[in-house]
Structures are given as structure tokens and as C-alpha cells.
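Chemist: Here it is, the structure, as C-alpha cells.
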Amino acid sequence: MVDTLLLLSLNGLIWGLIIALIALGLSVIFGLLDIINIAHGDFFMVGTVLAWFVLEATGNFWIGFLLVPLICLILGALIQRIVIQPIRGAAALSIVATFGVSLILQEVVRMTFGATPRRILPPVEGTMPLFGIQYDIYRLYAAGFSIAALAAFFLFLNYTKIGTWMRAVRHDRETATAMGIPAKLVYVMTFAIGFALAGFGGVVAAPITTVDFRGGVDLLPVCFIAVIIGGLGNLPGTAAAAILLALMEGVIQSVANPTVARISSLVLMSAVLLLRPQGLFKGFAK
């Protein structure tokens, strides 16, 4: 029982780090663009599928860590210019538009990749002793890559010119525009980075989960729950909430089934909305 609890807790923690990457992309898009992105789960799915294609084309899974985020960055920029920019400022239309993007991505992937779920073997096989249990080595690699990506994103946000522009536009768009910050470029880069974060999460998760054109459907609600619990627009809070949720679900799954674990997350979200609607982690540095 103790070994099972520890195993599921570790799995939940590592999955939470991956969810944190994806939820951060969702939060930064919402916080800056006021876009309710229904297609964000499919951005993750595109990352898993592109990782599979890169592996098939090159025989080297590690190349996907470089190529897939770059491809997702370009796709995100194109989607923002073609779909999002014309409806900027209309939250209701953003739901309809991103739902359409979601369906298009799913059908394009089903047409090219197929409807049959597939698996990617971990590029690093085997186990190692950890806290008294044998644990999958690749999952530890996944945790390391996720932590590195999270750190790189926050460093980018706080110490680069584009990151400074993003924070300035997010806090006061009119003043930032008056000071000469290219708001349109910031909007494009923000959406593209959100897509790239989700795509990178897809590469990291591809050997852990199945590669499927519907792979992002179940992930989207978890990301929204993390954004709500962490506080709308609170990026560190969103990351912390994603890790908390996945760890909590992992622990609950040691004594109950996954449905009960997901219901627990929904109950926590409801409690946060009722008792602390500004988010559980309000006060975190933004």
C-alpha cells in the first residue's frame, strides 16, 4: 500500500509538472489576449503527434525537443494572425473561433496520422531505485525537462525584452502602446509561446501517454481547473495549482478510482470559486 501510494504520488507530481507547462500556455494567452482558448488541449495533442512524426522521420526522439516547439511557435503565430487577430476583444467569439480551430486540428491530425492511438517507447528504458521502489527512468527525465522549461519561461518573461513587453501590455495595454511597445507583435508572440509551451509538454508526455488525435480533449478541463485555482492571469499560481492538482489526484487514485480523483479536483475548484474567487495562490509574484 505504501509503495503504491508513493508510486502514484511520484507519477502525479511528474504529470503535474507537465500539466503546469500546458496550463501556463493557457493562462498567458488568457491573461494577455483575453482569449478563452478551447483549442489549447489540442495544442498539446499536436505536440505529441509531431514528436511521433519526428521519431519516424529521424529515428531520434530527442530531436523533437528542439523541432516540435519551433514548429508549434510558427503554427501559433499563424493561427493568431489568421483566426484570433480579427476577433480580438470579443471573448464570446473567441470561444467559437478556438472551438473551430480545435475541430480543424483534430480532423487534420486524424486525416494524416490516423484514428488509431499509438505509443512511443521511452528513449531511456529501465528503472532505478528511488525511495525504496523501482521507478521509470524516463519519468525522471520528463520531470527534469519540465522543470527546465518552466524555469526558462519565467526567466524569459522577466529578463528579456519581449518578456518585458508582454508583462507591460498585460498590466496596462494603453500605456504600453503609447510608450512605443509593438502591441500587435506582442499578441502574436504571446499566442505562439502559449502554443509552444503546450507542444513542448506534448513532446515530454508522448512516451508516457498515448499519441491520439483526441489526446487533448481530456487534458483541457484540468488546465482550466488549474488556471481557476491558481488565479486568472496568475502565472506562478497556475503552475503551482497544476502540480497540486496532479499530486492530489495521484494520491487519491491510490485508494479510489480516477473518476473520484477528478471529482475531487472539481470540488476543490468549486470551493475556491466560492471562498476565494481571486484564486488560491493570489499574492504570488507575477
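Following the order of the C-alpha cells, chains are lettered A, B, ..., residues in each are numbered from 1, and ligands are numbered from 1.
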When DSSP is applied to the backbone of this structure, which of stretch 34-195 of chain A are assigned helix (DSSP H, G or I)? Write them out as a ChimeraX atom specification.
Modeler: /A:40-58,61-87,91-113,137-159,161-171,173-178,183-195
Chemist: Counting only C-alpha atoms, which residues of stretch 167-222 of chain A sit at most 12 Å from some atom of stretch 155-159 of chain A, and what is each one's closest atom pair with its distance in Å to one decimal, listed by chain and rising residue number, as CSV?
Modeler:
residue,atom,partner,partner_atom,distance
A:Arg167,CA,A:Leu157,CA,7.4
A:Ala168,CA,A:Leu157,CA,10.6
A:Arg170,CA,A:Leu157,CA,11.7
A:Met189,CA,A:Leu157,CA,11.8
A:Thr190,CA,A:Leu157,CA,10.6
A:Ile193,CA,A:Phe156,CA,10.8
Chemist: Kindly indicate which residue among A:Ala239, A:Ile252, A:Ala205, A:Leu273 lies nearest to A:Ala151, using only C-alpha atoms for the distances.
Modeler: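 Result for the nearest residue to A:Ala151: A:Ala239.
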Chemist: Could you work out how far atom CA of A:Asp136 lies from atom CA of A:Leu6, giving the answer in Å with one decimal?
Modeler: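 Atom CA of A:Asp136 lies at a distance of 13.1 Å from atom CA of A:Leu6.
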Chemist: For A:Gly64, which residue among A:Thr160, A:Thr48, A:Gln106, A:Ser94 is the nearest when counting only C-alpha atoms?
Modeler: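 Under the stated criterion, the closest residue is A:Thr48.
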Chemist: Of the residues A:Leu185, A:Ala196, A:Val260, A:Val272, which is the one nearest to A:Ile74, using only C-alpha atoms?
Modeler: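 Using only C-alpha atoms, the shortest distance to A:Ile74 belongs to A:Ala196.
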Chemist: Using only C-alpha atoms, determine which residues lie at most 8 Å from A:Val203, disregarding the query and same-chain residues fewer than 6 positions distant; provide the list as a PDB file with C-alpha atoms, in the first residue's frame.
Modeler:
ATOM      1  CA  GLY A  47       2.967  18.237 -29.812  1.00  0.00           C
ATOM      2  CA  THR A  48       2.606  14.501 -29.156  1.00  0.00           C
ATOM      3  CA  LEU A  50       4.713  15.897 -34.091  1.00  0.00           C
ATOM      4  CA  ALA A  51       7.020  14.058 -31.676  1.00  0.00           C
ATOM      5  CA  GLY A  64      11.716  16.506 -31.167  1.00  0.00           C
ATOM      6  CA  PHE A  65      12.572  18.598 -28.112  1.00  0.00           C
ATOM      7  CA  VAL A  68       8.430  20.482 -32.141  1.00  0.00           C
TER       8      VAL A  68
END
Chemist: Which residues, written as JSON, numbers by chain, have at least one atom at most 12 Å from A:Gly100, with only C-alpha atoms counted and residues fewer than 3 positions away on the same chain left out?
Modeler: {"A": [37, 38, 39, 40, 42, 79, 83, 84, 93, 94, 95, 96, 97, 103, 104, 105, 106, 107]}
Chemist: Keeping N, CA, C and O atoms, export the residues of the selection given above as a CSV table (one decimal), in the first residue's frame.
Modeler:
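Below is the file that was written, again11.csv:
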chain,number,residue,atom,x,y,z
A,37,ASN,N,-9.3,29.9,-24.8
A,37,ASN,CA,-8.8,29.1,-25.8
A,37,ASN,C,-9.3,27.6,-25.7
A,37,ASN,O,-8.6,26.8,-24.9
A,38,ILE,N,-10.3,27.3,-26.3
A,38,ILE,CA,-10.9,25.9,-26.3
A,38,ILE,C,-9.9,24.9,-27.0
A,38,ILE,O,-10.0,23.7,-26.8
A,39,ALA,N,-9.1,25.4,-27.9
A,39,ALA,CA,-8.2,24.5,-28.6
A,39,ALA,C,-6.9,24.2,-27.9
A,39,ALA,O,-6.1,23.5,-28.5
A,40,HIS,N,-6.7,24.7,-26.7
A,40,HIS,CA,-5.4,24.5,-26.1
A,40,HIS,C,-5.0,23.1,-25.8
A,40,HIS,O,-3.8,22.7,-25.9
A,42,ASP,N,-5.7,20.7,-27.7
A,42,ASP,CA,-5.3,20.1,-29.0
A,42,ASP,C,-3.9,20.6,-29.4
A,42,ASP,O,-3.2,20.0,-30.2
A,79,ILE,N,-1.9,31.0,-36.5
A,79,ILE,CA,-3.3,30.9,-36.0
A,79,ILE,C,-3.7,32.3,-35.4
A,79,ILE,O,-4.8,32.8,-35.6
A,83,VAL,N,-6.8,33.8,-37.3
A,83,VAL,CA,-8.0,33.5,-36.6
A,83,VAL,C,-8.3,34.4,-35.5
A,83,VAL,O,-9.4,35.0,-35.3
A,84,ILE,N,-7.3,34.7,-34.6
A,84,ILE,CA,-7.5,35.4,-33.4
A,84,ILE,C,-7.5,36.9,-33.6
A,84,ILE,O,-8.3,37.6,-33.0
A,93,LEU,N,-16.8,35.4,-29.2
A,93,LEU,CA,-16.3,34.9,-30.5
A,93,LEU,C,-15.1,34.1,-30.3
A,93,LEU,O,-14.9,33.1,-31.1
A,94,SER,N,-14.3,34.4,-29.3
A,94,SER,CA,-13.0,33.6,-29.2
A,94,SER,C,-13.4,32.1,-28.8
A,94,SER,O,-12.6,31.2,-29.3
A,95,ILE,N,-14.4,31.9,-28.1
A,95,ILE,CA,-14.8,30.5,-27.8
A,95,ILE,C,-15.2,29.8,-29.0
A,95,ILE,O,-14.8,28.7,-29.3
A,96,VAL,N,-16.0,30.4,-29.9
A,96,VAL,CA,-16.5,29.8,-31.1
A,96,VAL,C,-15.3,29.6,-32.1
A,96,VAL,O,-15.1,28.5,-32.7
A,97,ALA,N,-14.4,30.6,-32.2
A,97,ALA,CA,-13.3,30.5,-33.1
A,97,ALA,C,-12.3,29.4,-32.7
A,97,ALA,O,-11.8,28.6,-33.5
A,103,LEU,N,-11.5,21.7,-33.7
A,103,LEU,CA,-12.0,20.6,-34.6
A,103,LEU,C,-11.1,20.5,-35.9
A,103,LEU,O,-10.9,19.4,-36.3
A,104,ILE,N,-10.6,21.6,-36.4
A,104,ILE,CA,-9.7,21.5,-37.6
A,104,ILE,C,-8.5,20.8,-37.3
A,104,ILE,O,-8.0,19.9,-38.0
A,105,LEU,N,-7.8,21.1,-36.1
A,105,LEU,CA,-6.6,20.4,-35.7
A,105,LEU,C,-6.9,18.9,-35.6
A,105,LEU,O,-6.1,18.0,-36.0
A,106,GLN,N,-7.9,18.5,-34.9
A,106,GLN,CA,-8.2,17.1,-34.7
A,106,GLN,C,-8.5,16.4,-36.0
A,106,GLN,O,-7.9,15.3,-36.2
A,107,GLU,N,-9.2,17.0,-36.9
A,107,GLU,CA,-9.5,16.3,-38.2
A,107,GLU,C,-8.3,16.3,-39.1
A,107,GLU,O,-8.1,15.3,-39.8
